[in-house]
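Q: This is structure.txt (compact mmCIF, N, CA and C atoms).
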```txt
# COMPACT_ATOMS: atom_id res chain seq x y z
N MET A 17 -1.09 41.80 50.12
CA MET A 17 -0.55 41.48 48.82
C MET A 17 -1.18 40.21 48.28
N GLY A 18 -1.03 39.10 48.97
CA GLY A 18 -1.60 37.85 48.50
C GLY A 18 -2.69 37.38 49.44
N GLU A 19 -3.36 36.31 49.05
CA GLU A 19 -4.41 35.76 49.89
C GLU A 19 -4.01 34.35 50.32
N ARG A 20 -4.41 33.98 51.51
CA ARG A 20 -4.11 32.64 52.02
C ARG A 20 -5.03 31.62 51.37
N VAL A 21 -4.49 30.43 51.15
CA VAL A 21 -5.22 29.37 50.46
C VAL A 21 -5.80 28.39 51.48
N LYS A 22 -7.06 27.99 51.26
CA LYS A 22 -7.72 27.04 52.15
C LYS A 22 -7.75 25.65 51.53
N GLU A 23 -7.65 24.64 52.40
CA GLU A 23 -7.77 23.25 51.99
C GLU A 23 -8.81 22.62 52.92
N ASN A 24 -9.92 22.17 52.37
CA ASN A 24 -11.02 21.60 53.16
C ASN A 24 -11.50 22.55 54.25
N GLY A 25 -11.57 23.84 53.93
CA GLY A 25 -12.08 24.83 54.87
C GLY A 25 -11.08 25.36 55.87
N LYS A 26 -9.84 24.86 55.87
CA LYS A 26 -8.81 25.32 56.81
C LYS A 26 -7.61 25.83 56.03
N PHE A 27 -6.92 26.81 56.62
CA PHE A 27 -5.72 27.33 55.98
C PHE A 27 -4.59 26.30 56.08
N VAL A 28 -3.75 26.24 55.05
CA VAL A 28 -2.61 25.32 55.03
C VAL A 28 -1.44 26.03 55.70
N LYS A 29 -0.90 25.46 56.79
CA LYS A 29 0.19 26.09 57.52
C LYS A 29 1.28 25.06 57.85
N ILE A 30 2.52 25.52 57.82
CA ILE A 30 3.66 24.70 58.23
C ILE A 30 4.45 25.47 59.28
N THR A 31 5.27 24.78 60.03
CA THR A 31 6.19 25.45 60.96
C THR A 31 7.53 25.56 60.27
N ARG A 32 8.03 26.78 60.18
CA ARG A 32 9.30 27.03 59.50
C ARG A 32 10.46 26.86 60.47
N GLU A 33 11.55 26.29 59.97
CA GLU A 33 12.77 26.16 60.75
C GLU A 33 13.82 27.08 60.14
N PRO A 34 14.65 27.71 60.97
CA PRO A 34 15.68 28.60 60.42
C PRO A 34 16.72 27.80 59.63
N GLY A 35 17.26 28.42 58.58
CA GLY A 35 18.29 27.79 57.78
C GLY A 35 17.75 26.99 56.60
N TYR A 36 16.45 27.02 56.38
CA TYR A 36 15.84 26.28 55.28
C TYR A 36 15.07 27.22 54.37
N LEU A 37 15.04 26.90 53.09
CA LEU A 37 14.28 27.62 52.08
C LEU A 37 13.06 26.77 51.74
N TYR A 38 11.87 27.36 51.81
CA TYR A 38 10.63 26.63 51.55
C TYR A 38 10.06 27.07 50.21
N PHE A 39 9.54 26.10 49.44
CA PHE A 39 8.98 26.40 48.13
C PHE A 39 7.89 25.40 47.78
N THR A 40 7.09 25.73 46.75
CA THR A 40 6.01 24.86 46.31
C THR A 40 6.37 24.23 44.97
N ARG A 41 5.83 23.03 44.75
CA ARG A 41 6.10 22.32 43.50
C ARG A 41 4.94 21.38 43.21
N GLY A 42 4.65 21.17 41.95
CA GLY A 42 3.68 20.17 41.53
C GLY A 42 2.24 20.63 41.55
N ASP A 43 1.38 19.72 41.06
CA ASP A 43 -0.06 19.96 41.07
C ASP A 43 -0.74 18.63 41.32
N PRO A 44 -1.36 18.34 42.44
CA PRO A 44 -1.64 19.25 43.54
C PRO A 44 -0.35 19.72 44.23
N ILE A 45 -0.44 20.84 44.90
CA ILE A 45 0.73 21.51 45.45
C ILE A 45 1.35 20.73 46.60
N GLY A 46 2.67 20.58 46.55
CA GLY A 46 3.44 20.02 47.64
C GLY A 46 4.37 21.09 48.16
N ILE A 47 4.58 21.13 49.47
CA ILE A 47 5.48 22.11 50.07
C ILE A 47 6.79 21.40 50.40
N TYR A 48 7.89 21.94 49.88
CA TYR A 48 9.21 21.33 50.03
C TYR A 48 10.15 22.28 50.77
N ARG A 49 11.25 21.72 51.28
CA ARG A 49 12.28 22.56 51.88
C ARG A 49 13.65 22.03 51.48
N THR A 50 14.61 22.93 51.46
CA THR A 50 15.99 22.57 51.18
C THR A 50 16.90 23.45 52.02
N LYS A 51 18.07 22.98 52.33
CA LYS A 51 19.03 23.72 53.14
C LYS A 51 19.50 24.94 52.36
N MET A 52 19.56 26.10 53.03
CA MET A 52 20.01 27.33 52.36
C MET A 52 21.49 27.23 52.03
N GLN A 53 21.85 27.79 50.89
CA GLN A 53 23.24 27.82 50.46
C GLN A 53 23.86 29.17 50.84
N HIS A 54 25.12 29.15 51.21
CA HIS A 54 25.82 30.38 51.55
C HIS A 54 27.11 30.45 50.75
N ARG A 55 27.53 31.65 50.44
CA ARG A 55 28.74 31.83 49.66
C ARG A 55 29.94 31.23 50.38
N GLY A 56 30.76 30.51 49.64
CA GLY A 56 31.98 29.95 50.20
C GLY A 56 31.80 28.58 50.82
N ARG A 57 30.59 28.14 51.01
CA ARG A 57 30.36 26.81 51.58
C ARG A 57 30.15 25.80 50.46
N LYS A 58 30.40 24.55 50.79
CA LYS A 58 30.22 23.47 49.84
C LYS A 58 28.73 23.27 49.56
N LYS A 59 28.40 22.91 48.33
CA LYS A 59 27.00 22.70 47.95
C LYS A 59 26.43 21.51 48.71
N SER A 60 25.20 21.67 49.18
CA SER A 60 24.54 20.62 49.93
C SER A 60 24.22 19.43 49.02
N GLU A 61 24.47 18.24 49.50
CA GLU A 61 24.18 17.04 48.73
C GLU A 61 22.78 16.52 49.01
N GLN A 62 22.09 17.11 49.98
CA GLN A 62 20.76 16.64 50.34
C GLN A 62 19.74 17.11 49.31
N PRO A 63 18.86 16.21 48.87
CA PRO A 63 17.80 16.64 47.95
C PRO A 63 16.70 17.39 48.70
N SER A 64 15.79 17.98 47.97
CA SER A 64 14.65 18.66 48.58
C SER A 64 13.79 17.64 49.31
N LYS A 65 13.24 18.04 50.45
CA LYS A 65 12.44 17.14 51.27
C LYS A 65 10.99 17.63 51.28
N LEU A 66 10.04 16.70 51.07
CA LEU A 66 8.63 17.03 51.11
C LEU A 66 8.22 17.27 52.56
N VAL A 67 7.68 18.45 52.84
CA VAL A 67 7.25 18.81 54.19
C VAL A 67 5.77 18.50 54.36
N LYS A 68 4.95 18.89 53.36
CA LYS A 68 3.52 18.67 53.46
C LYS A 68 2.92 18.51 52.07
N LYS A 69 2.09 17.49 51.91
CA LYS A 69 1.37 17.27 50.66
C LYS A 69 -0.04 17.81 50.83
N THR A 70 -0.51 18.61 49.89
CA THR A 70 -1.85 19.19 49.98
C THR A 70 -2.72 18.69 48.84
N THR A 71 -4.00 19.00 48.91
CA THR A 71 -4.92 18.67 47.82
C THR A 71 -5.28 19.91 47.01
N VAL A 72 -4.60 21.02 47.28
CA VAL A 72 -4.86 22.29 46.58
C VAL A 72 -4.31 22.18 45.16
N THR A 73 -5.14 22.51 44.18
CA THR A 73 -4.68 22.50 42.79
C THR A 73 -4.36 23.92 42.36
N ARG A 74 -3.41 24.05 41.47
CA ARG A 74 -3.00 25.37 40.98
C ARG A 74 -4.03 25.94 40.02
N LYS A 75 -4.21 27.26 40.09
CA LYS A 75 -5.05 27.97 39.12
C LYS A 75 -4.12 28.80 38.27
N GLN A 76 -4.41 28.82 36.98
CA GLN A 76 -3.56 29.55 36.05
C GLN A 76 -3.61 31.04 36.35
N GLY A 77 -2.45 31.70 36.29
CA GLY A 77 -2.38 33.14 36.52
C GLY A 77 -2.06 33.52 37.95
N TYR A 78 -1.79 32.53 38.83
CA TYR A 78 -1.47 32.81 40.23
C TYR A 78 -0.09 32.26 40.58
N LEU A 79 0.60 32.97 41.46
CA LEU A 79 1.89 32.54 41.99
C LEU A 79 1.65 32.03 43.40
N TYR A 80 2.08 30.80 43.69
CA TYR A 80 1.88 30.20 45.01
C TYR A 80 3.20 30.24 45.78
N TYR A 81 3.12 30.60 47.06
CA TYR A 81 4.33 30.75 47.88
C TYR A 81 3.98 30.53 49.35
N ILE A 82 5.01 30.40 50.19
CA ILE A 82 4.85 30.28 51.64
C ILE A 82 5.16 31.64 52.23
N ASP A 83 4.20 32.25 52.93
CA ASP A 83 4.44 33.58 53.48
C ASP A 83 5.27 33.51 54.77
N SER A 84 5.58 34.67 55.33
CA SER A 84 6.48 34.72 56.49
C SER A 84 5.88 34.06 57.73
N ALA A 85 4.56 33.93 57.79
CA ALA A 85 3.91 33.28 58.94
C ALA A 85 3.81 31.77 58.75
N GLY A 86 4.16 31.26 57.56
CA GLY A 86 4.14 29.82 57.31
C GLY A 86 2.90 29.32 56.61
N TYR A 87 2.06 30.22 56.11
CA TYR A 87 0.83 29.84 55.41
C TYR A 87 1.07 29.74 53.91
N LEU A 88 0.38 28.81 53.26
CA LEU A 88 0.39 28.73 51.81
C LEU A 88 -0.46 29.87 51.29
N SER A 89 0.11 30.71 50.42
CA SER A 89 -0.57 31.88 49.90
C SER A 89 -0.45 31.93 48.39
N ARG A 90 -1.28 32.77 47.78
CA ARG A 90 -1.19 32.96 46.34
C ARG A 90 -1.41 34.42 46.02
N ALA A 91 -0.80 34.86 44.91
CA ALA A 91 -0.94 36.24 44.46
C ALA A 91 -1.14 36.22 42.95
N LYS A 92 -1.95 37.15 42.46
CA LYS A 92 -2.18 37.25 41.03
C LYS A 92 -0.88 37.70 40.36
N MET A 93 -0.47 36.97 39.31
CA MET A 93 0.75 37.33 38.61
C MET A 93 0.50 38.54 37.71
N ARG A 94 1.43 39.44 37.70
CA ARG A 94 1.34 40.63 36.87
C ARG A 94 2.00 40.33 35.53
N ARG A 95 1.35 40.73 34.47
CA ARG A 95 1.91 40.56 33.14
C ARG A 95 2.21 41.92 32.55
N GLY A 96 3.39 42.07 32.01
CA GLY A 96 3.77 43.34 31.42
C GLY A 96 4.19 44.35 32.47
N ARG A 97 4.44 45.54 32.06
CA ARG A 97 4.92 46.57 32.96
C ARG A 97 3.79 47.50 33.35
N ARG A 98 3.70 47.82 34.61
CA ARG A 98 2.68 48.74 35.08
C ARG A 98 3.21 50.16 35.04
N ARG A 99 2.41 51.07 34.54
CA ARG A 99 2.83 52.48 34.54
C ARG A 99 2.55 53.10 35.86
N ARG A 100 3.42 54.01 36.25
CA ARG A 100 3.26 54.68 37.55
C ARG A 100 2.50 55.95 37.42
```
Take the structure in the file and give it back as structure tokens.

A:
Amino acid sequence: MGERVKENGKFVKITREPGYLYFTRGDPIGIYRTKMQHRGRKKSEQPSKLVKKTTVTRKQGYLYYIDSAGYLSRAKMRRGRRRR
């Protein structure tokens, strides 16, 4: 689906911990994490924590995400509806 992103010739990887949601923010891309919320529990007061700062810059038209293996990946964003 998506392709892994390289930084200085190496893939960007983090170690994921259970119970946390990982996301990307900013340009250059920073990888952040926050405690997962569950129904019925009190909202977490902890702010998002920076896990890793990268030098990767965003390219327009791509969605950046952390895949299940912990690598920074990107996928081409689809615009409009695709016919089947």

Q: Closest to Asp43 (chain A) among A:Ala85, A:Ala91, A:Val72, A:Val28, using all atoms listed in the file?

A: A:Val72

Q: Just checking: using only C-alpha atoms, which residue out of A:Tyr38, A:Thr70, A:Asp83, A:Thr50 ends up closest to Asn24 (chain A)?

A: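 So, comparing all the options, the nearest one is A:Thr70.
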
Q: Do a neighbour search on Val67 (chain A) at 7 Å with only C-alpha atoms, toss out local chain neighbours closer than 4 positions, and write the hits as a ChimeraX atom specification.

A: /A:47-49

Q: Print the selection's residues with N, CA and C atoms to a file, as a CSV table (one decimal), in the coordinates of the input.

A:
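Heads up, here's the output in again-v4.csv:
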```
chain,number,residue,atom,x,y,z
A,47,ILE,N,4.6,21.1,49.5
A,47,ILE,CA,5.5,22.1,50.1
A,47,ILE,C,6.8,21.4,50.4
A,48,TYR,N,7.9,21.9,49.9
A,48,TYR,CA,9.2,21.3,50.0
A,48,TYR,C,10.2,22.3,50.8
A,49,ARG,N,11.2,21.7,51.3
A,49,ARG,CA,12.3,22.6,51.9
A,49,ARG,C,13.6,22.0,51.5
```

Q: Just to confirm, what's the straight-line distance from atom C of Tyr80 (chain A) to atom N of Thr40 (chain A) in Å (one decimal)?

A: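 Rounded to one decimal, the two atoms are 6.0 Å apart.
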
Q: Enter the distance from atom N of Lys58 (chain A) to CA of Phe39 (chain A), in Å, rounded to one decimal.

A: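 Rounded to one decimal, the two atoms are 21.7 Å apart.
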
Q: Find the residues near Arg74 (chain A): any atom within 10 Å, counting only C-alpha atoms, skip ones fewer than 3 places away on the same chain, and give them as a list in words.

A: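 Contacts, with the query itself left out: Arg41, Gly42, Asp43, Pro44, Ile45, Thr71, Gly77, Tyr78, Leu79, Tyr80 and Arg90 of chain A.
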
Q: Output N, CA and C atoms for every residue in that selection, as a compact mmCIF listing (two decimals), in the coordinates of the input.

A:
```txt
# COMPACT_ATOMS: atom_id res chain seq x y z
N ARG A 41 5.83 23.03 44.75
CA ARG A 41 6.10 22.32 43.50
C ARG A 41 4.94 21.38 43.21
N GLY A 42 4.65 21.17 41.95
CA GLY A 42 3.68 20.17 41.53
C GLY A 42 2.24 20.63 41.55
N ASP A 43 1.38 19.72 41.06
CA ASP A 43 -0.06 19.96 41.07
C ASP A 43 -0.74 18.63 41.32
N PRO A 44 -1.36 18.34 42.44
CA PRO A 44 -1.64 19.25 43.54
C PRO A 44 -0.35 19.72 44.23
N ILE A 45 -0.44 20.84 44.90
CA ILE A 45 0.73 21.51 45.45
C ILE A 45 1.35 20.73 46.60
N THR A 71 -4.00 19.00 48.91
CA THR A 71 -4.92 18.67 47.82
C THR A 71 -5.28 19.91 47.01
N GLY A 77 -2.45 31.70 36.29
CA GLY A 77 -2.38 33.14 36.52
C GLY A 77 -2.06 33.52 37.95
N TYR A 78 -1.79 32.53 38.83
CA TYR A 78 -1.47 32.81 40.23
C TYR A 78 -0.09 32.26 40.58
N LEU A 79 0.60 32.97 41.46
CA LEU A 79 1.89 32.54 41.99
C LEU A 79 1.65 32.03 43.40
N TYR A 80 2.08 30.80 43.69
CA TYR A 80 1.88 30.20 45.01
C TYR A 80 3.20 30.24 45.78
N ARG A 90 -1.28 32.77 47.78
CA ARG A 90 -1.19 32.96 46.34
C ARG A 90 -1.41 34.42 46.02
```

Q: Would you pick out the contacts of Leu88 (chain A) at 7 Å or less, using all atoms listed in the file, so that residues sharing its chain but fewer than 6 positions from it are not included, and give the list as a PyMOL selection string?

A: chain A and resi 19-22+27-30+80-82

Q: What separation in Å, quoted to one decimal, exists between atom C of Arg97 (chain A) and atom N of Ser84 (chain A)?

A: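 Pair atom C of Arg97 (chain A) / atom N of Ser84 (chain A) returns 25.5 Å.
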
Q: Which of these residues is nearest to Leu66 (chain A), using all atoms listed in the file: A:Gly46, A:Lys92, A:Thr31, A:Glu23?

A: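 Answer, going by the shortest atom-to-atom distance: A:Gly46.
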
Q: Can you check which residues of chain A DSSP gives as strand (DSSP E or B) on the backbone and send them as an MDAnalysis selection string?

A: chainID A and resid 19:20 22:23 26:27 29 36:41 46:51 65:69 78:82 87:92

Q: Which one is closest to Leu37 (chain A): A:Gly25, A:Arg55, A:Gly18, A:Gly86? Count only C-alpha atoms.

A: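 Closest to Leu37 (chain A) of all the choices is A:Gly86.
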